[in-house]
file coords-v8.txt (compact mmCIF, C-alpha atoms)
# COMPACT_ATOMS: atom_id res chain seq x y z
CA MET A 6 -11.73 -9.81 -5.39
CA LYS A 7 -9.41 -10.15 -8.36
CA PHE A 8 -6.01 -11.71 -7.70
CA THR A 9 -2.67 -11.34 -9.46
CA TYR A 10 0.10 -13.73 -8.43
CA THR A 11 3.85 -13.41 -8.77
CA GLY A 12 6.31 -16.05 -7.59
CA ARG A 13 9.98 -15.27 -7.10
CA LYS A 14 12.22 -18.29 -6.64
CA LEU A 15 8.99 -20.09 -5.79
CA GLU A 16 6.26 -21.79 -7.79
CA ILE A 17 2.76 -20.78 -6.73
CA THR A 18 0.73 -23.98 -6.74
CA ASP A 19 -3.03 -24.24 -7.19
CA HIS A 20 -3.37 -25.25 -3.54
CA LEU A 21 -1.50 -22.12 -2.44
CA LYS A 22 -3.68 -19.96 -4.72
CA GLN A 23 -6.84 -21.48 -3.21
CA TYR A 24 -5.52 -20.82 0.30
CA ILE A 25 -4.69 -17.19 -0.54
CA GLU A 26 -8.08 -16.62 -2.15
CA LYS A 27 -9.85 -18.16 0.85
CA LYS A 28 -7.94 -16.00 3.36
CA LEU A 29 -7.92 -12.70 1.44
CA GLY A 30 -11.38 -13.23 -0.05
CA LYS A 31 -12.84 -12.45 3.38
CA LEU A 32 -11.68 -8.85 2.93
CA ASP A 33 -14.40 -8.34 0.29
CA LYS A 34 -16.85 -7.46 3.07
CA PHE A 35 -15.03 -4.11 3.49
CA PHE A 36 -15.42 -3.02 -0.13
CA GLN A 37 -18.53 -1.96 -2.06
CA SER A 38 -17.24 -3.23 -5.39
CA ASP A 39 -14.41 -5.44 -6.65
CA ALA A 40 -10.99 -4.85 -5.19
CA GLU A 41 -7.72 -6.04 -6.73
CA ALA A 42 -5.08 -7.93 -4.79
CA SER A 43 -1.51 -8.31 -5.99
CA VAL A 44 0.26 -11.19 -4.21
CA VAL A 45 4.02 -11.69 -4.37
CA CYS A 46 5.46 -14.85 -2.81
CA ARG A 47 9.17 -15.44 -2.59
CA THR A 48 11.76 -17.46 -0.74
CA GLU A 49 15.24 -16.51 0.41
CA ARG A 50 17.58 -18.55 2.56
CA GLY A 51 14.83 -20.89 3.74
CA ARG A 52 12.47 -18.05 4.76
CA TYR A 53 9.20 -17.35 2.99
CA THR A 54 7.90 -13.85 2.33
CA ALA A 55 4.36 -12.92 1.36
CA GLU A 56 3.68 -9.38 0.14
CA VAL A 57 0.10 -8.29 -0.57
CA THR A 58 -1.13 -5.01 -2.02
CA VAL A 59 -4.90 -4.48 -2.12
CA ARG A 60 -6.22 -1.73 -4.39
CA TYR A 61 -9.73 -0.39 -4.03
CA ALA A 62 -10.98 2.84 -5.62
CA ASN A 63 -7.34 4.00 -5.98
CA MET A 64 -6.70 3.49 -2.26
CA TYR A 65 -3.85 1.10 -1.51
CA PHE A 66 -3.35 -1.23 1.46
CA ARG A 67 -0.02 -3.05 1.68
CA ALA A 68 1.48 -5.61 4.05
CA GLN A 69 4.51 -7.88 4.02
CA SER A 70 5.47 -10.74 6.29
CA THR A 71 8.31 -13.23 6.50
CA ALA A 72 8.02 -16.61 8.24
CA ASN A 73 9.39 -20.15 8.17
CA ASP A 74 6.24 -21.30 6.35
CA MET A 75 4.45 -19.60 3.42
CA TYR A 76 1.03 -20.31 4.91
CA ALA A 77 2.03 -18.62 8.18
CA ALA A 78 3.30 -15.59 6.25
CA ILE A 79 -0.03 -15.38 4.36
CA ASP A 80 -2.00 -15.63 7.62
CA GLU A 81 0.01 -12.78 9.12
CA VAL A 82 -0.35 -10.58 6.02
CA ASP A 83 -4.11 -11.18 6.01
CA ASP A 84 -4.36 -10.07 9.65
CA MET A 85 -2.19 -7.00 8.99
CA ILE A 86 -4.27 -5.83 6.04
CA GLU A 87 -7.53 -6.39 7.88
CA ARG A 88 -6.25 -4.30 10.83
CA GLN A 89 -5.14 -1.56 8.40
CA ILE A 90 -8.50 -1.47 6.67
CA ARG A 91 -10.50 -1.41 9.92
CA LYS A 92 -8.30 1.26 11.50
CA ASN A 93 -8.14 3.55 8.50
CA LYS A 94 -11.69 3.12 7.24
CA THR A 95 -12.98 4.37 10.59
CA ARG A 96 -10.44 7.20 10.60
CA LEU A 97 -11.35 8.26 7.08
CA GLU A 98 -15.07 8.25 7.80
CA LYS A 99 -14.71 10.16 11.07
CA ARG A 100 -11.99 12.69 10.22
CA LEU A 101 -12.44 13.38 6.56
CA ARG A 102 -15.91 12.71 5.18
CA THR A 103 -18.35 10.00 4.22
CA GLY A 104 -17.33 8.14 1.09
CA ALA A 105 -13.62 8.79 1.55
CA PHE A 106 -12.84 5.31 0.21
CA GLU A 107 -14.36 6.30 -3.11
CA ARG A 108 -12.02 9.29 -3.53
CA GLU A 109 -9.28 8.83 -6.07
CA VAL A 110 -5.80 8.69 -4.49
CA SER A 111 -2.57 8.43 -6.45
CA PRO A 112 -0.12 5.55 -5.96
CA ALA A 113 3.03 6.41 -4.09
CA MET A 114 6.53 6.68 -5.49
CA SER A 115 8.96 3.92 -4.60
CA GLU A 116 12.31 4.75 -3.11
CA VAL A 117 15.36 4.02 -5.23
CA PRO A 118 18.66 3.36 -3.43
CA GLU A 119 21.14 6.11 -4.18
CA GLU A 120 24.42 5.07 -5.81
CA GLU A 121 27.62 7.04 -6.27
CA ASP A 122 27.31 7.23 -10.08
CA PHE A 123 23.60 8.23 -9.92
CA ASN A 124 22.33 5.42 -12.11
CA ILE A 125 18.56 5.43 -12.39
CA VAL A 126 17.62 1.78 -11.91
CA ARG A 127 13.86 2.21 -11.83
CA ARG A 128 11.44 4.78 -13.17
CA LYS A 129 7.76 5.13 -12.29
CA ARG A 130 5.08 7.43 -13.65
CA PHE A 131 1.81 8.19 -11.95
CA ALA A 132 -0.87 10.85 -11.87
CA ILE A 133 -0.67 13.22 -8.91
CA LYS A 134 -4.21 13.86 -7.69
CA PRO A 135 -5.36 16.67 -5.39
CA MET A 136 -5.83 15.62 -1.75
CA THR A 137 -5.54 17.05 1.74
CA THR A 138 -2.38 16.77 3.82
CA GLU A 139 -4.12 14.32 6.18
CA GLU A 140 -5.07 12.06 3.25
CA ALA A 141 -1.48 12.14 1.97
CA ILE A 142 -0.09 11.17 5.40
CA LEU A 143 -2.64 8.36 5.65
CA GLN A 144 -1.74 7.07 2.17
CA MET A 145 2.00 7.26 2.96
CA ASN A 146 1.46 5.24 6.16
CA LEU A 147 -0.71 2.66 4.39
CA LEU A 148 2.01 2.07 1.82
CA GLY A 149 4.78 2.01 4.43
CA HIS A 150 6.81 4.68 2.65
CA GLU A 151 8.98 7.42 4.12
CA PHE A 152 7.59 10.17 1.87
CA TYR A 153 4.63 10.87 -0.42
CA ALA A 154 4.16 13.41 -3.25
CA PHE A 155 0.74 14.99 -3.85
CA LYS A 156 -1.16 18.12 -4.92
CA ASN A 157 -2.43 19.98 -1.87
CA ALA A 158 -6.18 20.52 -2.39
CA GLU A 159 -6.21 22.92 0.57
CA ASP A 160 -3.52 25.21 -0.95
CA GLU A 161 -4.31 25.98 -4.63
CA ASN A 162 -3.25 22.46 -5.79
CA ARG A 163 0.37 23.27 -4.95
CA TYR A 164 2.79 20.35 -5.37
CA CYS A 165 3.88 19.06 -1.96
CA VAL A 166 5.80 16.22 -0.36
CA VAL A 167 4.95 14.91 3.09
CA TYR A 168 7.61 12.86 4.92
CA LYS A 169 8.33 11.12 8.23
CA ARG A 170 10.86 12.94 10.40
CA HIS A 171 13.54 10.93 12.21
CA ALA A 172 12.82 12.88 15.41
CA GLY A 173 9.12 11.96 15.14
CA GLY A 174 6.18 13.62 13.49
CA TYR A 175 5.81 14.62 9.87
CA GLY A 176 7.28 17.28 7.61
CA LEU A 177 5.73 19.05 4.63
CA ILE A 178 7.69 20.43 1.66
CA GLU A 179 5.71 22.89 -0.50
CA SER A 180 6.52 24.22 -3.97
CA ASP A 181 6.41 27.95 -4.80
call {"tool": "encode", "arguments": {"input": "coords-v8.txt", "output": "structure tokens"}}
result
Amino acid sequence: MKFTYTGRKLEITDHLKQYIEKKLGKLDKFFQSDAEASVVCRTERGRYTAEVTVRYANMYFRAQSTANDMYAAIDEVDDMIERQIRKNKTRLEKRLRTGAFEREVSPAMSEVPEEEDFNIVRRKRFAIKPMTTEEAILQMNLLGHEFYAFKNAEDENRYCVVYKRHAGGYGLIESD
């Protein structure tokens, strides 16, 4: 597994890097080839936050944890990602098809807080790949986002957005 480290208000020491690689390196058993892990460690008001995004074959797994100790936050993130991978790998293989982890899935858009003067504070570009509605919902849940844009492979590659409804369930917005 390839690692990328980012420290915010925190220096990532060699000892911390070794600990992260030891803990997250065990996730390699789930992947057929090299996966990439992006690790962000930060501290705010005496609390430590570890955020890990694992990318494999354009499928993303993301977890974030905050604790009083950075090592505890890393342990919790490792457990969360392993649960996500186990749960969703089985679901993908059973519901969709064999080899679903090898299918190319686009990264999700990030939400930008809305301001009164409509200043765009962040811009992202990404390729929108065809996928089924179920795959889009799964990807949205893996990333922890409220919505996800995709091309619907089941409906003439129509641009769609799937979102979580406040009353429960999911909604689907389709283009004409």
call {"tool": "residues_around", "arguments": {"input": "coords-v8.txt", "residues": "segment 68-83 of chain A", "least_positions_apart": "3", "cutoff": "6 Å", "atoms": "all atoms listed in the file", "output": "ChimeraX atom specification"}}
result
/A:52-57,86
call {"tool": "residues_around", "arguments": {"input": "coords-v8.txt", "residues": "segment 144-159 of chain A", "least_positions_apart": "6", "cutoff": "7 Å", "atoms": "only C-alpha atoms", "output": "JSON, numbers by chain"}}
result
{"A": [65, 66, 67, 113, 114, 133, 134, 135, 136, 137, 138, 165, 166, 167, 168, 169]}
call {"tool": "closest_residue", "arguments": {"input": "coords-v8.txt", "among": "A:Lys28, A:Arg88, A:His171, A:Lys7", "to": "Arg60 of chain A", "atoms": "all atoms listed in the file"}}
result
A:Lys7
call {"tool": "closest_residue", "arguments": {"input": "coords-v8.txt", "among": "A:Lys14, A:Arg163, A:Lys22, A:Arg50", "to": "Leu177 of chain A", "atoms": "all atoms listed in the file"}}
result
A:Arg163
call {"tool": "atom_distance", "arguments": {"input": "coords-v8.txt", "atom1": "atom CA of Thr48 of chain A", "atom2": "atom CA of Ile17 of chain A"}}
result
11.3 Å
call {"tool": "atom_distance", "arguments": {"input": "coords-v8.txt", "atom1": "atom CA of Ala40 of chain A", "atom2": "atom CA of Thr9 of chain A"}}
result
11.4 Å
call {"tool": "atom_distance", "arguments": {"input": "coords-v8.txt", "atom1": "atom CA of Arg47 of chain A", "atom2": "atom CA of Thr11 of chain A"}}
result
8.4 Å
call {"tool": "axis_aligned_box", "arguments": {"input": "coords-v8.txt", "around": "segment 64-79 of chain A", "padding_each_side": "3 Å", "output": "AutoDock Vina command-line options"}}
result
--center_x 1.3 --center_y -8.9 --center_z 3.0 --size_x 22.1 --size_y 30.8 --size_z 16.5
call {"tool": "closest_residue", "arguments": {"input": "coords-v8.txt", "among": "A:Asn162, A:Asn124, A:Thr58, A:Gln23", "to": "Val45 of chain A", "atoms": "all atoms listed in the file"}}
result
A:Thr58
call {"tool": "closest_residue", "arguments": {"input": "coords-v8.txt", "among": "A:Glu49, A:Met6, A:Tyr24, A:Asp19", "to": "Phe36 of chain A", "atoms": "only C-alpha atoms"}}
result
A:Met6
call {"tool": "build_atoms", "arguments": {"input": "coords-v8.txt", "residues": "segment 28-39 of chain A", "atoms": "N, CA and C atoms", "output": "PDB file, in the coordinates of the input"}}
result
ATOM      1  N   LYS A  28      -8.299 -16.920   2.268  1.00  0.00           N
ATOM      2  CA  LYS A  28      -7.940 -16.000   3.360  1.00  0.00           C
ATOM      3  C   LYS A  28      -8.241 -14.547   2.988  1.00  0.00           C
ATOM      4  N   LEU A  29      -7.761 -14.104   1.827  1.00  0.00           N
ATOM      5  CA  LEU A  29      -7.920 -12.700   1.440  1.00  0.00           C
ATOM      6  C   LEU A  29      -9.313 -12.404   0.899  1.00  0.00           C
ATOM      7  N   GLY A  30     -10.031 -13.416   0.460  1.00  0.00           N
ATOM      8  CA  GLY A  30     -11.380 -13.230  -0.050  1.00  0.00           C
ATOM      9  C   GLY A  30     -12.329 -12.698   1.009  1.00  0.00           C
ATOM     10  N   LYS A  31     -12.005 -12.939   2.268  1.00  0.00           N
ATOM     11  CA  LYS A  31     -12.840 -12.450   3.380  1.00  0.00           C
ATOM     12  C   LYS A  31     -12.793 -10.928   3.494  1.00  0.00           C
ATOM     13  N   LEU A  32     -11.795 -10.309   2.870  1.00  0.00           N
ATOM     14  CA  LEU A  32     -11.680  -8.850   2.930  1.00  0.00           C
ATOM     15  C   LEU A  32     -12.721  -8.159   2.044  1.00  0.00           C
ATOM     16  N   ASP A  33     -13.385  -8.919   1.168  1.00  0.00           N
ATOM     17  CA  ASP A  33     -14.400  -8.340   0.290  1.00  0.00           C
ATOM     18  C   ASP A  33     -15.515  -7.646   1.055  1.00  0.00           C
ATOM     19  N   LYS A  34     -15.757  -8.063   2.293  1.00  0.00           N
ATOM     20  CA  LYS A  34     -16.850  -7.460   3.070  1.00  0.00           C
ATOM     21  C   LYS A  34     -16.601  -5.978   3.353  1.00  0.00           C
ATOM     22  N   PHE A  35     -15.356  -5.515   3.213  1.00  0.00           N
ATOM     23  CA  PHE A  35     -15.030  -4.110   3.490  1.00  0.00           C
ATOM     24  C   PHE A  35     -15.247  -3.213   2.267  1.00  0.00           C
ATOM     25  N   PHE A  36     -15.382  -3.802   1.090  1.00  0.00           N
ATOM     26  CA  PHE A  36     -15.420  -3.020  -0.130  1.00  0.00           C
ATOM     27  C   PHE A  36     -16.792  -3.114  -0.783  1.00  0.00           C
ATOM     28  N   GLN A  37     -17.229  -2.005  -1.400  1.00  0.00           N
ATOM     29  CA  GLN A  37     -18.530  -1.960  -2.060  1.00  0.00           C
ATOM     30  C   GLN A  37     -18.492  -2.651  -3.423  1.00  0.00           C
ATOM     31  N   SER A  38     -17.377  -2.587  -4.096  1.00  0.00           N
ATOM     32  CA  SER A  38     -17.240  -3.230  -5.390  1.00  0.00           C
ATOM     33  C   SER A  38     -15.944  -4.048  -5.399  1.00  0.00           C
ATOM     34  N   ASP A  39     -15.594  -4.580  -6.561  1.00  0.00           N
ATOM     35  CA  ASP A  39     -14.410  -5.440  -6.650  1.00  0.00           C
ATOM     36  C   ASP A  39     -13.132  -4.699  -6.304  1.00  0.00           C
TER      37      ASP A  39
END
